[in-house]
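> Input model.cif, format and content: mmCIF, C-alpha atoms.
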data_target
#
loop_
_atom_site.label_atom_id
_atom_site.label_comp_id
_atom_site.auth_asym_id
_atom_site.auth_seq_id
_atom_site.Cartn_x
_atom_site.Cartn_y
_atom_site.Cartn_z
CA MET A 8 166.31 90.73 28.15
CA LYS A 9 163.41 91.83 30.36
CA THR A 10 163.09 95.49 31.24
CA ARG A 11 162.81 96.58 34.85
CA ARG A 12 159.24 97.75 34.23
CA SER A 13 158.11 94.35 32.93
CA TYR A 14 159.82 92.61 35.84
CA TYR A 15 158.09 94.67 38.48
CA GLY A 16 154.80 94.69 36.61
CA LYS A 17 154.42 90.92 36.85
CA ASP A 18 151.82 89.65 39.33
CA ARG A 19 154.02 87.27 41.30
CA ILE A 20 151.58 86.81 44.20
CA SER A 21 148.81 85.45 41.98
CA ALA A 22 151.27 82.85 40.71
CA LEU A 23 151.51 81.30 44.18
CA PRO A 24 149.68 78.02 44.86
CA ASP A 25 146.22 78.09 46.43
CA SER A 26 147.52 76.82 49.78
CA LEU A 27 149.77 79.88 50.24
CA LEU A 28 147.11 82.31 49.05
CA LEU A 29 144.61 80.85 51.52
CA GLU A 30 147.17 81.24 54.29
CA ILE A 31 147.53 84.91 53.34
CA LEU A 32 143.75 85.39 53.38
CA SER A 33 143.49 83.63 56.74
CA ASN A 34 145.49 86.50 58.26
CA LEU A 35 142.86 89.02 57.19
CA GLU A 36 139.41 89.88 58.42
CA VAL A 37 136.82 88.05 56.30
CA LYS A 38 135.48 91.34 54.96
CA GLN A 39 138.94 92.26 53.65
CA ALA A 40 139.43 88.79 52.18
CA VAL A 41 136.17 89.09 50.25
CA GLN A 42 137.10 92.57 49.00
CA ILE A 43 140.39 91.22 47.61
CA SER A 44 138.42 88.92 45.31
CA ILE A 45 137.91 91.81 42.89
CA LEU A 46 141.65 92.03 42.18
CA SER A 47 141.62 89.37 39.48
CA SER A 48 139.93 86.18 38.38
CA ARG A 49 142.69 84.30 40.21
CA TRP A 50 141.36 85.58 43.56
CA LYS A 51 137.67 85.53 42.67
CA ASP A 52 136.53 82.44 44.60
CA LEU A 53 139.41 81.86 47.01
CA TRP A 54 137.56 83.48 49.93
CA LYS A 55 135.02 80.63 49.80
CA HIS A 56 137.76 78.20 50.85
CA ILE A 57 139.48 80.12 53.71
CA PRO A 58 140.11 77.64 56.58
CA VAL A 59 140.63 80.25 59.34
CA LEU A 60 137.94 82.94 59.66
CA SER A 61 137.80 86.17 61.66
CA LEU A 62 134.49 88.07 61.83
CA HIS A 63 134.20 91.28 63.89
CA TYR A 64 131.21 93.61 63.99
CA ARG A 65 133.56 96.61 64.45
CA ASN A 66 134.38 96.54 60.73
CA PHE A 67 130.78 97.31 59.79
CA LYS A 68 128.61 100.41 60.04
CA SER A 69 125.89 98.62 62.03
CA THR A 70 125.05 95.23 63.50
CA GLN A 71 122.39 94.87 60.79
CA SER A 72 124.96 95.22 58.01
CA PHE A 73 127.25 92.85 59.91
CA ALA A 74 124.48 90.24 60.19
CA GLY A 75 123.63 90.64 56.52
CA PHE A 76 127.26 90.10 55.50
CA VAL A 77 127.61 87.05 57.75
CA SER A 78 124.44 85.49 56.33
CA GLN A 79 125.54 85.99 52.72
CA PHE A 80 129.08 84.82 53.46
CA PHE A 81 128.06 81.46 54.90
CA SER A 82 125.43 80.97 52.19
CA ALA A 83 128.04 81.44 49.45
CA ARG A 84 130.86 79.53 51.11
CA THR A 85 131.84 76.24 49.45
CA THR A 86 130.17 73.41 51.33
CA LYS A 87 132.97 70.91 50.76
CA THR A 88 135.65 73.06 52.44
CA SER A 89 136.49 72.13 56.02
CA LEU A 90 136.88 74.87 58.61
CA GLN A 91 139.76 74.91 61.10
CA ALA A 92 139.02 77.98 63.23
CA LEU A 93 136.57 80.85 63.68
CA THR A 94 136.86 84.04 65.72
CA PHE A 95 133.47 85.74 65.97
CA GLU A 96 132.69 88.93 67.89
CA CYS A 97 129.48 90.91 68.23
CA LEU A 98 128.82 92.89 71.40
CA TYR A 99 125.21 93.74 70.62
CA TYR A 100 122.05 91.89 69.68
CA PHE A 101 122.58 89.25 67.00
CA ASP A 102 119.80 87.27 65.34
CA PRO A 103 119.63 83.98 67.34
CA ASN A 104 118.32 82.03 64.34
CA LEU A 105 121.29 83.15 62.25
CA LEU A 106 123.58 82.27 65.14
CA LYS A 107 122.14 78.75 65.26
CA ARG A 108 122.60 78.45 61.53
CA ILE A 109 126.28 79.41 61.88
CA ILE A 110 126.81 76.89 64.68
CA ILE A 111 125.25 74.11 62.60
CA TYR A 112 127.51 75.05 59.69
CA LEU A 113 130.62 75.07 61.90
CA PHE A 114 130.14 71.63 63.35
CA SER A 115 129.03 70.10 60.07
CA HIS A 116 132.39 71.29 58.66
CA ASN A 117 134.53 69.87 61.47
CA ILE A 118 135.43 73.09 63.26
CA GLN A 119 138.44 72.59 65.53
CA ARG A 120 138.93 75.94 67.28
CA LEU A 121 136.10 78.31 68.10
CA ASP A 122 136.28 81.76 69.75
CA MET A 123 132.92 83.52 70.16
CA THR A 124 131.93 86.72 71.95
CA VAL A 125 128.21 87.24 71.54
CA PRO A 126 125.16 88.04 73.69
CA CYS A 127 122.34 85.55 73.49
CA SER A 128 119.26 84.78 75.51
CA LEU A 129 118.75 81.64 77.56
CA GLU A 130 116.51 79.87 75.06
CA HIS A 131 118.69 80.73 72.06
CA PHE A 132 122.11 79.83 73.36
CA PRO A 133 124.15 78.66 70.35
CA LEU A 134 125.28 75.34 71.81
CA CYS A 135 122.64 72.66 72.17
CA THR A 136 122.57 69.85 74.68
CA ASN A 137 122.56 66.17 73.76
CA VAL A 138 124.75 66.88 70.73
CA SER A 139 128.34 65.66 70.40
CA TYR A 140 130.90 67.91 68.75
CA HIS A 141 133.67 65.45 67.91
CA SER A 142 136.06 67.78 66.07
CA LEU A 143 136.25 70.67 68.56
CA THR A 144 139.54 70.88 70.48
CA SER A 145 139.56 74.51 71.68
CA LEU A 146 136.64 76.70 72.76
CA ARG A 147 136.68 80.34 73.94
CA LEU A 148 133.16 81.55 74.74
CA SER A 149 132.37 84.97 76.20
CA ALA A 150 129.37 87.17 76.75
CA PRO A 151 130.05 90.91 76.51
CA GLN A 152 130.52 92.02 80.09
CA GLU A 153 128.17 94.97 79.70
CA MET A 154 125.53 92.59 78.32
CA ALA A 155 125.82 89.93 81.02
CA GLN A 156 123.42 91.61 83.47
CA TRP A 157 120.47 89.72 84.79
CA GLY A 158 117.00 90.55 83.58
CA ASN A 159 114.00 89.41 85.65
CA GLY A 160 116.28 87.04 87.54
CA VAL A 161 117.47 85.29 84.36
CA PRO A 162 121.02 85.77 83.01
CA LEU A 163 121.39 86.63 79.36
CA SER A 164 123.97 83.96 78.57
CA VAL A 165 123.89 80.47 80.06
CA PHE A 166 126.37 77.68 79.42
CA PRO A 167 124.35 74.48 78.95
CA ASN A 168 124.84 71.36 81.02
CA SER A 169 125.33 67.92 79.45
CA LEU A 170 127.38 69.09 76.48
CA GLN A 171 129.66 66.45 75.03
CA PHE A 172 133.05 67.54 73.71
CA PRO A 173 135.07 64.31 73.50
CA ALA A 174 138.10 65.98 71.87
CA LEU A 175 138.04 69.30 73.74
CA THR A 176 141.33 70.06 75.52
CA TYR A 177 141.07 73.84 76.10
CA LEU A 178 138.03 75.72 77.45
CA PHE A 179 137.79 79.45 78.28
CA LEU A 180 134.50 80.87 79.59
CA SER A 181 133.86 84.50 80.54
CA SER A 182 130.80 86.33 81.91
CA LEU A 183 128.45 83.39 81.45
CA ALA A 184 126.16 81.64 83.93
CA PHE A 185 126.09 77.98 84.94
CA ARG A 186 122.66 76.50 85.48
CA ILE A 187 121.98 74.68 88.76
CA THR A 188 120.04 71.50 88.08
CA THR A 189 120.20 69.53 91.34
CA ASP A 190 118.25 69.83 94.57
CA ASP A 191 121.47 70.41 96.52
CA ALA A 192 122.15 73.56 94.43
CA TYR A 193 125.07 72.21 92.38
CA ALA A 194 125.97 73.23 88.84
CA ASN A 195 127.93 70.51 87.07
CA PRO A 196 128.62 71.57 83.44
CA PHE A 197 131.94 69.81 82.70
CA SER A 198 131.43 66.16 83.60
CA GLU A 199 131.22 64.96 79.98
CA PHE A 200 134.50 66.54 78.86
CA GLN A 201 136.69 63.46 78.63
CA SER A 202 139.89 65.11 77.32
CA LEU A 203 139.79 68.53 78.99
CA ASN A 204 143.29 69.66 79.97
CA THR A 205 142.93 73.41 80.62
CA LEU A 206 139.88 75.21 82.05
CA ILE A 207 139.68 79.00 82.56
CA ILE A 208 136.59 80.52 84.19
CA LYS A 209 136.33 84.31 84.53
CA ARG A 210 133.46 86.22 86.19
CA CYS A 211 130.92 83.44 85.62
CA THR A 212 127.85 83.30 87.87
CA LEU A 213 125.41 80.59 88.94
CA TYR A 214 121.76 80.51 87.91
CA ASN A 215 119.26 78.72 90.14
CA GLU A 216 115.76 78.48 88.64
CA LYS A 217 114.26 77.29 91.93
CA GLN A 218 115.40 80.43 93.77
CA ASN A 219 115.70 78.53 97.04
CA SER A 220 117.90 79.41 100.00
CA VAL A 221 120.31 76.50 99.58
CA GLU A 222 123.96 77.54 99.38
CA GLU A 223 125.03 77.40 95.73
CA CYS A 224 128.10 75.53 94.51
CA LEU A 225 129.97 75.00 91.23
CA LEU A 226 131.15 71.42 90.73
CA ILE A 227 134.19 70.97 88.50
CA SER A 228 134.52 67.28 87.78
CA SER A 229 137.23 66.11 85.38
CA VAL A 230 139.74 63.29 85.62
CA SER A 231 141.83 64.73 82.76
CA LEU A 232 142.02 68.34 84.00
CA VAL A 233 145.59 69.56 84.63
CA ASN A 234 145.34 73.38 84.61
CA LEU A 235 142.55 75.31 86.34
CA THR A 236 142.12 79.10 86.52
CA ILE A 237 139.14 80.61 88.36
CA SER A 238 138.32 84.29 88.75
CA LEU A 239 135.16 84.64 90.82
CA PRO A 240 132.66 87.49 90.36
CA ASP A 241 131.68 89.82 93.20
CA ASP A 242 128.79 87.47 93.97
CA SER A 243 130.97 84.55 95.06
CA TYR A 244 129.94 80.94 95.46
CA LYS A 245 131.44 77.74 96.75
CA LEU A 246 133.50 75.30 94.71
CA LYS A 247 133.64 71.55 94.66
CA LEU A 248 136.61 70.05 92.83
CA CYS A 249 136.81 66.46 91.63
CA THR A 250 140.06 66.86 89.71
CA PRO A 251 142.53 64.18 90.86
CA ASN A 252 145.19 65.07 88.26
CA LEU A 253 145.22 68.84 88.80
CA CYS A 254 148.74 70.27 88.62
CA SER A 255 148.27 74.04 88.20
CA PHE A 256 145.74 76.09 90.19
CA HIS A 257 145.18 79.86 89.78
CA PHE A 258 142.54 81.57 91.90
CA SER A 259 141.34 85.17 92.28
CA GLY A 260 138.32 86.46 94.14
CA GLU A 261 136.86 85.97 97.58
CA PRO A 262 136.95 82.33 98.73
CA LEU A 263 134.03 81.17 100.85
CA GLN A 264 135.58 77.93 102.07
CA ASN A 265 138.65 75.86 102.67
CA LEU A 266 139.76 74.02 99.55
CA CYS A 267 138.79 70.62 100.89
CA GLY A 268 135.58 72.01 102.29
CA HIS A 269 133.70 70.20 105.01
CA ASN A 270 132.83 66.53 105.38
CA ASN A 271 135.39 65.61 102.68
CA ILE A 272 133.34 67.45 100.06
CA ASN A 273 136.13 67.50 97.45
CA ASN A 274 137.74 64.54 95.72
CA THR A 275 141.06 66.20 94.94
CA ASN A 276 144.35 65.68 96.69
CA PHE A 277 145.64 69.24 96.64
CA SER A 278 149.08 68.19 97.80
CA TYR A 279 149.72 67.06 94.20
CA ILE A 280 149.31 70.62 92.85
CA LYS A 281 152.73 72.00 91.92
CA HIS A 282 152.01 75.49 90.51
CA VAL A 283 149.78 77.95 92.40
CA LYS A 284 148.74 81.57 91.97
CA ILE A 285 146.53 83.30 94.55
CA ASP A 286 145.01 86.77 94.41
CA LEU A 287 142.68 87.44 97.34
CA PRO A 288 141.04 90.66 98.58
CA LEU A 289 141.90 92.16 101.95
CA THR A 290 138.42 91.26 103.27
CA ILE A 291 138.78 87.46 103.40
CA PHE A 292 138.79 85.38 106.58
CA PRO A 293 142.47 84.84 107.52
CA SER A 294 141.83 81.26 108.61
CA ILE A 295 140.87 80.31 105.03
CA LEU A 296 144.21 81.51 103.67
CA LEU A 297 146.17 79.57 106.29
CA ASN A 298 144.16 76.44 105.50
CA TRP A 299 144.97 76.84 101.80
CA PHE A 300 148.68 76.91 102.60
CA MET A 301 148.30 73.69 104.53
CA GLU A 302 146.43 71.96 101.68
CA LEU A 303 148.84 73.25 99.02
CA ALA A 304 151.91 72.56 101.10
CA LEU A 305 153.83 70.68 98.39
CA MET A 306 153.65 73.39 95.73
CA GLU A 307 156.89 74.08 93.85
CA SER A 308 156.11 77.50 92.32
CA PHE A 309 153.93 80.10 94.01
CA THR A 310 152.70 83.45 92.67
CA ILE A 311 151.10 85.75 95.23
CA THR A 312 149.85 89.33 94.96
CA SER A 313 150.88 92.03 97.40
CA ASN A 314 147.29 92.30 98.72
CA THR A 315 147.24 88.59 99.54
CA LEU A 316 150.64 88.97 101.18
CA LYS A 317 149.20 91.74 103.36
CA VAL A 318 146.41 89.42 104.50
CA LEU A 319 149.01 86.83 105.45
CA ASP A 320 151.12 89.45 107.23
CA LEU A 321 148.18 90.65 109.33
CA THR A 322 147.19 87.08 110.11
CA LEU A 323 150.58 85.92 111.30
CA ASP A 324 151.14 89.09 113.26
CA SER A 325 147.80 88.85 115.03
CA LEU A 326 147.93 85.12 115.73
CA LYS A 327 151.63 84.98 116.62
CA ILE A 328 152.05 81.60 114.93
CA ASP A 329 154.80 79.88 113.01
CA PHE A 330 154.61 79.13 109.27
CA PRO A 331 155.47 75.43 108.81
CA TYR A 332 154.66 75.19 105.08
CA LEU A 333 156.21 75.36 101.58
CA HIS A 334 159.13 72.98 102.13
CA ASN A 335 159.23 72.11 98.39
CA LEU A 336 159.09 75.67 97.11
CA LYS A 337 161.52 76.47 94.26
CA LEU A 338 160.10 79.79 93.02
CA LEU A 339 158.24 82.57 94.82
CA LYS A 340 156.88 85.35 92.60
CA ILE A 341 155.33 88.46 94.17
CA GLU A 342 153.15 90.66 91.97
CA THR A 343 152.98 94.31 93.05
CA ASN A 344 151.22 97.40 91.77
CA LYS A 345 151.62 101.15 92.28
CA PHE A 346 148.93 101.16 94.96
CA SER A 347 150.21 98.23 97.01
CA SER A 348 153.72 97.12 97.93
CA PRO A 349 154.56 93.86 99.75
CA PRO A 350 154.93 94.14 103.54
CA ASP A 351 158.47 93.88 104.84
CA GLY A 352 159.58 90.45 106.00
CA THR A 353 156.51 88.44 105.02
CA ALA A 354 158.07 87.11 101.80
CA ASP A 355 161.09 85.91 103.76
CA LEU A 356 158.72 84.16 106.12
CA LEU A 357 157.27 82.21 103.18
CA LEU A 358 160.79 81.08 102.26
CA GLN A 359 162.01 80.11 105.70
CA ASN A 360 161.47 76.40 105.00
CA ALA A 361 162.86 76.61 101.44
CA PRO A 362 165.97 78.83 101.69
CA SER A 363 167.23 77.85 98.23
CA ALA A 364 164.03 78.97 96.47
CA LYS A 365 164.27 81.91 94.07
CA LYS A 366 162.32 85.07 94.91
CA VAL A 367 161.08 87.35 92.11
CA ILE A 368 159.26 90.66 92.65
CA SER A 369 157.56 91.98 89.51
CA PRO A 370 154.97 94.70 88.78
CA ARG A 371 151.52 93.42 88.12
CA ARG A 372 150.40 93.62 84.52
CA THR A 373 148.62 96.82 83.51
CA LEU A 374 145.51 97.07 81.33
CA ARG A 375 147.79 97.69 78.34
CA ASP A 376 149.73 94.52 79.16
CA LEU A 377 146.50 92.53 79.38
CA ILE A 378 145.32 93.87 76.00
CA LYS A 379 148.64 92.90 74.41
CA GLU A 380 148.42 89.45 75.98
CA ASN A 381 144.86 89.02 74.71
CA LEU A 382 145.93 89.98 71.17
CA ARG A 383 148.81 87.52 71.37
CA LEU A 384 146.48 84.73 72.49
CA GLN A 385 144.02 85.55 69.71
CA LYS A 386 146.81 85.33 67.15
CA LYS A 387 147.99 82.05 68.64
CA PHE A 388 144.40 80.74 68.65
CA ARG A 389 144.03 81.43 64.92
CA TYR A 390 146.93 79.14 64.08
#
Take the structure I supplied and represent it as structure tokens, if you would.

Amino acid sequence: MKTRRSYYGKDRISALPDSLLLEILSNLEVKQAVQISILSSRWKDLWKHIPVLSLHYRNFKSTQSFAGFVSQFFSARTTKTSLQALTFECLYYFDPNLLKRIIIYLFSHNIQRLDMTVPCSLEHFPLCTNVSYHSLTSLRLSAPQEMAQWGNGVPLSVFPNSLQFPALTYLFLSSLAFRITTDDAYANPFSEFQSLNTLIIKRCTLYNEKQNSVEECLLISSVSLVNLTISLPDDSYKLKLCTPNLCSFHFSGEPLQNLCGHNNINNTNFSYIKHVKIDLPLTIFPSILLNWFMELALMESFTITSNTLKVLDLTLDSLKIDFPYLHNLKLLKIETNKFSSPPDGTADLLLQNAPSAKKVISPRRTLRDLIKENLRLQKKFRY
């Protein structure tokens, strides 16, 4: 009969199969996973086979020690092991040659999900044009916001044109720049994404090498795109959408145009969009907002911020006009904050043509809420 001491002294975790041990290690930072290898010979080389990696510079004393660890880690990693996902974060300078080496390793090992936050110069951006990344399905790419400033007219981080991601379905881009390559000042970085379903663009700028006076425009061209979220920077620009299957449209920032633009500039029937969220500043032209309601008239769910509602309230009050839109509306959600409450009566005006629609008033998410949501998304991304 076994004594209690011998029962509890047995290493039951090391007796687990490799697949379960690798799943445990995938929940740890890579540095911690490597440190665990000293526990016993059973764990010694398992870190070389981890399929889900998380590398953060915050766990190191300096960026130099972080870079040294990263270099040694990828040099020692087993070459035959495929890689499912990588989360990589470094907010300061990182050796561009080492970054290129990492990217080559990732795509030679069939990376599926990639989340990178890293500053890099224009000539050393880690993704190369004229290369096809067949395994990648999800990409989150960000430049540190404090490192995204322009130097000598050139942005630090540029998203290349002509990339080919045939399997990519999810794309999140933050604080990058899109290069304008045409004489009519259009940037068109997404035309080769054949399977793209969800696109999120936050605080991305346009970069025009010619520095001419032509009005700049971002072209989003995708037949497969269903969900689009755009948050414009302070330096706004025009949009051209060629997204015939778009179903969900979220927009924040200062719009410079009607959705359909002028001279039939856009190839999207916005009446097909069913789910809309709009967050506009108080400084926009009221006529643009009214035009958006006309073009999005068949939406079924609508989220609007209290500031945008105030713009609408001032517009309708000054123009003394009716509101003949939103006949198909089923849900109206109003986001408020402690500095701005919705004007009385305007929400009811939005619902006058859809009396059975549900109205929900909720506080806008705080910074703490956004941090929690980001952590939740990162955890979801890793699996």
> Glu261 (chain A): which residues within 9 Å, counting only C-alpha atoms, same-chain residues fewer than 4 positions away excluded, as a PyMOL selection string?
chain A and resi 239-244+286-288+290-291
> Residues picked by the PyMOL selection byres ((chain A and resi 200) around 7) here, as a ChimeraX atom specification?
/A:171-173,175,197-199,201-203
> With all atoms listed in the file as the atoms that count, which of A:Thr236, A:Thr212, A:Asn204, A:Ser259 lies nearest to Ala184 (chain A)?
A:Thr212
> Near Phe114 (chain A), counting all atoms listed in the file, which residues have an atom at most 9 Å away, once you skip same-chain residues fewer than 5 positions from it, shown as a list of chain:residue names?
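After dropping sequence-adjacent residues, the list is A:Leu90, A:Ile109, A:Gln119, A:Tyr140, A:His141, A:Ser142, A:Leu143.
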> May I ask for the distance between CA of Val318 (chain A) and CA of Ile295 (chain A), given in Å to one decimal place?
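Between these atoms lies a distance of 10.7 Å.
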> Evaluate the PyMOL selection byres ((chain A and resi 28-35) around 12) and record the selected residues as a PDB file with C-alpha atoms, in the coordinates of the input, following the chain and residue labels used in the document.

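Contents of the output file expr.pdb:
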ATOM      1  CA  ARG A  19     154.020  87.270  41.300  1.00  0.00           C
ATOM      2  CA  ILE A  20     151.580  86.810  44.200  1.00  0.00           C
ATOM      3  CA  SER A  21     148.810  85.450  41.980  1.00  0.00           C
ATOM      4  CA  ALA A  22     151.270  82.850  40.710  1.00  0.00           C
ATOM      5  CA  LEU A  23     151.510  81.300  44.180  1.00  0.00           C
ATOM      6  CA  PRO A  24     149.680  78.020  44.860  1.00  0.00           C
ATOM      7  CA  ASP A  25     146.220  78.090  46.430  1.00  0.00           C
ATOM      8  CA  SER A  26     147.520  76.820  49.780  1.00  0.00           C
ATOM      9  CA  LEU A  27     149.770  79.880  50.240  1.00  0.00           C
ATOM     10  CA  GLU A  36     139.410  89.880  58.420  1.00  0.00           C
ATOM     11  CA  VAL A  37     136.820  88.050  56.300  1.00  0.00           C
ATOM     12  CA  LYS A  38     135.480  91.340  54.960  1.00  0.00           C
ATOM     13  CA  GLN A  39     138.940  92.260  53.650  1.00  0.00           C
ATOM     14  CA  ALA A  40     139.430  88.790  52.180  1.00  0.00           C
ATOM     15  CA  VAL A  41     136.170  89.090  50.250  1.00  0.00           C
ATOM     16  CA  GLN A  42     137.100  92.570  49.000  1.00  0.00           C
ATOM     17  CA  ILE A  43     140.390  91.220  47.610  1.00  0.00           C
ATOM     18  CA  SER A  44     138.420  88.920  45.310  1.00  0.00           C
ATOM     19  CA  ARG A  49     142.690  84.300  40.210  1.00  0.00           C
ATOM     20  CA  TRP A  50     141.360  85.580  43.560  1.00  0.00           C
ATOM     21  CA  LYS A  51     137.670  85.530  42.670  1.00  0.00           C
ATOM     22  CA  ASP A  52     136.530  82.440  44.600  1.00  0.00           C
ATOM     23  CA  LEU A  53     139.410  81.860  47.010  1.00  0.00           C
ATOM     24  CA  TRP A  54     137.560  83.480  49.930  1.00  0.00           C
ATOM     25  CA  LYS A  55     135.020  80.630  49.800  1.00  0.00           C
ATOM     26  CA  HIS A  56     137.760  78.200  50.850  1.00  0.00           C
ATOM     27  CA  ILE A  57     139.480  80.120  53.710  1.00  0.00           C
ATOM     28  CA  PRO A  58     140.110  77.640  56.580  1.00  0.00           C
ATOM     29  CA  VAL A  59     140.630  80.250  59.340  1.00  0.00           C
ATOM     30  CA  LEU A  60     137.940  82.940  59.660  1.00  0.00           C
ATOM     31  CA  SER A  61     137.800  86.170  61.660  1.00  0.00           C
ATOM     32  CA  LEU A  62     134.490  88.070  61.830  1.00  0.00           C
ATOM     33  CA  HIS A  63     134.200  91.280  63.890  1.00  0.00           C
ATOM     34  CA  ASN A  66     134.380  96.540  60.730  1.00  0.00           C
ATOM     35  CA  THR A  88     135.650  73.060  52.440  1.00  0.00           C
ATOM     36  CA  LEU A  90     136.880  74.870  58.610  1.00  0.00           C
ATOM     37  CA  GLN A  91     139.760  74.910  61.100  1.00  0.00           C
ATOM     38  CA  ALA A  92     139.020  77.980  63.230  1.00  0.00           C
ATOM     39  CA  LEU A  93     136.570  80.850  63.680  1.00  0.00           C
ATOM     40  CA  THR A  94     136.860  84.040  65.720  1.00  0.00           C
ATOM     41  CA  GLN A 385     144.020  85.550  69.710  1.00  0.00           C
ATOM     42  CA  LYS A 386     146.810  85.330  67.150  1.00  0.00           C
ATOM     43  CA  LYS A 387     147.990  82.050  68.640  1.00  0.00           C
ATOM     44  CA  PHE A 388     144.400  80.740  68.650  1.00  0.00           C
ATOM     45  CA  ARG A 389     144.030  81.430  64.920  1.00  0.00           C
ATOM     46  CA  TYR A 390     146.930  79.140  64.080  1.00  0.00           C
TER      47      TYR A 390
END
> What does the PyMOL selection byres ((chain A and resi 148) around 7) select in this file, as a PyMOL selection string?
chain A and resi 122-124+146-147+149+179-181
> Could you tell me how far CA of Thr188 (chain A) lies from CA of Ala174 (chain A), in Å and to one decimal?
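Separation between CA of Thr188 (chain A) and CA of Ala174 (chain A): 24.9 Å.
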> Show which residues sit within 7 Å of Ser145 (chain A), as a list in words. Count all atoms listed in the file, and ignore same-chain residues fewer than 5 positions away.
Gln119, Arg120, Leu121, Leu175, Thr176, Tyr177 and Leu178 of chain A
> Can you report as lines of an AutoDock Vina configuration file the centre and edge lengths in Å, to one decimal, of an axis-aligned box around the listed atoms of region 280-296 of chain A padded with 4 Å on each side?

center_x = 145.6
center_y = 81.4
center_z = 99.6
size_x = 22.3
size_y = 29.5
size_z = 26.1
> Just the number, please: distance in Å from CA of Gly260 (chain A) to CA of Leu183 (chain A), one decimal.
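CA of Leu183 (chain A) lies 16.4 Å from CA of Gly260 (chain A).
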> Hey, which of A:Leu170, A:Leu105, A:Ile187, A:Ile45 ends up closest to Gln71 (chain A)? Count only C-alpha atoms.
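With only C-alpha atoms as the atom set, the closest residue is A:Leu105.
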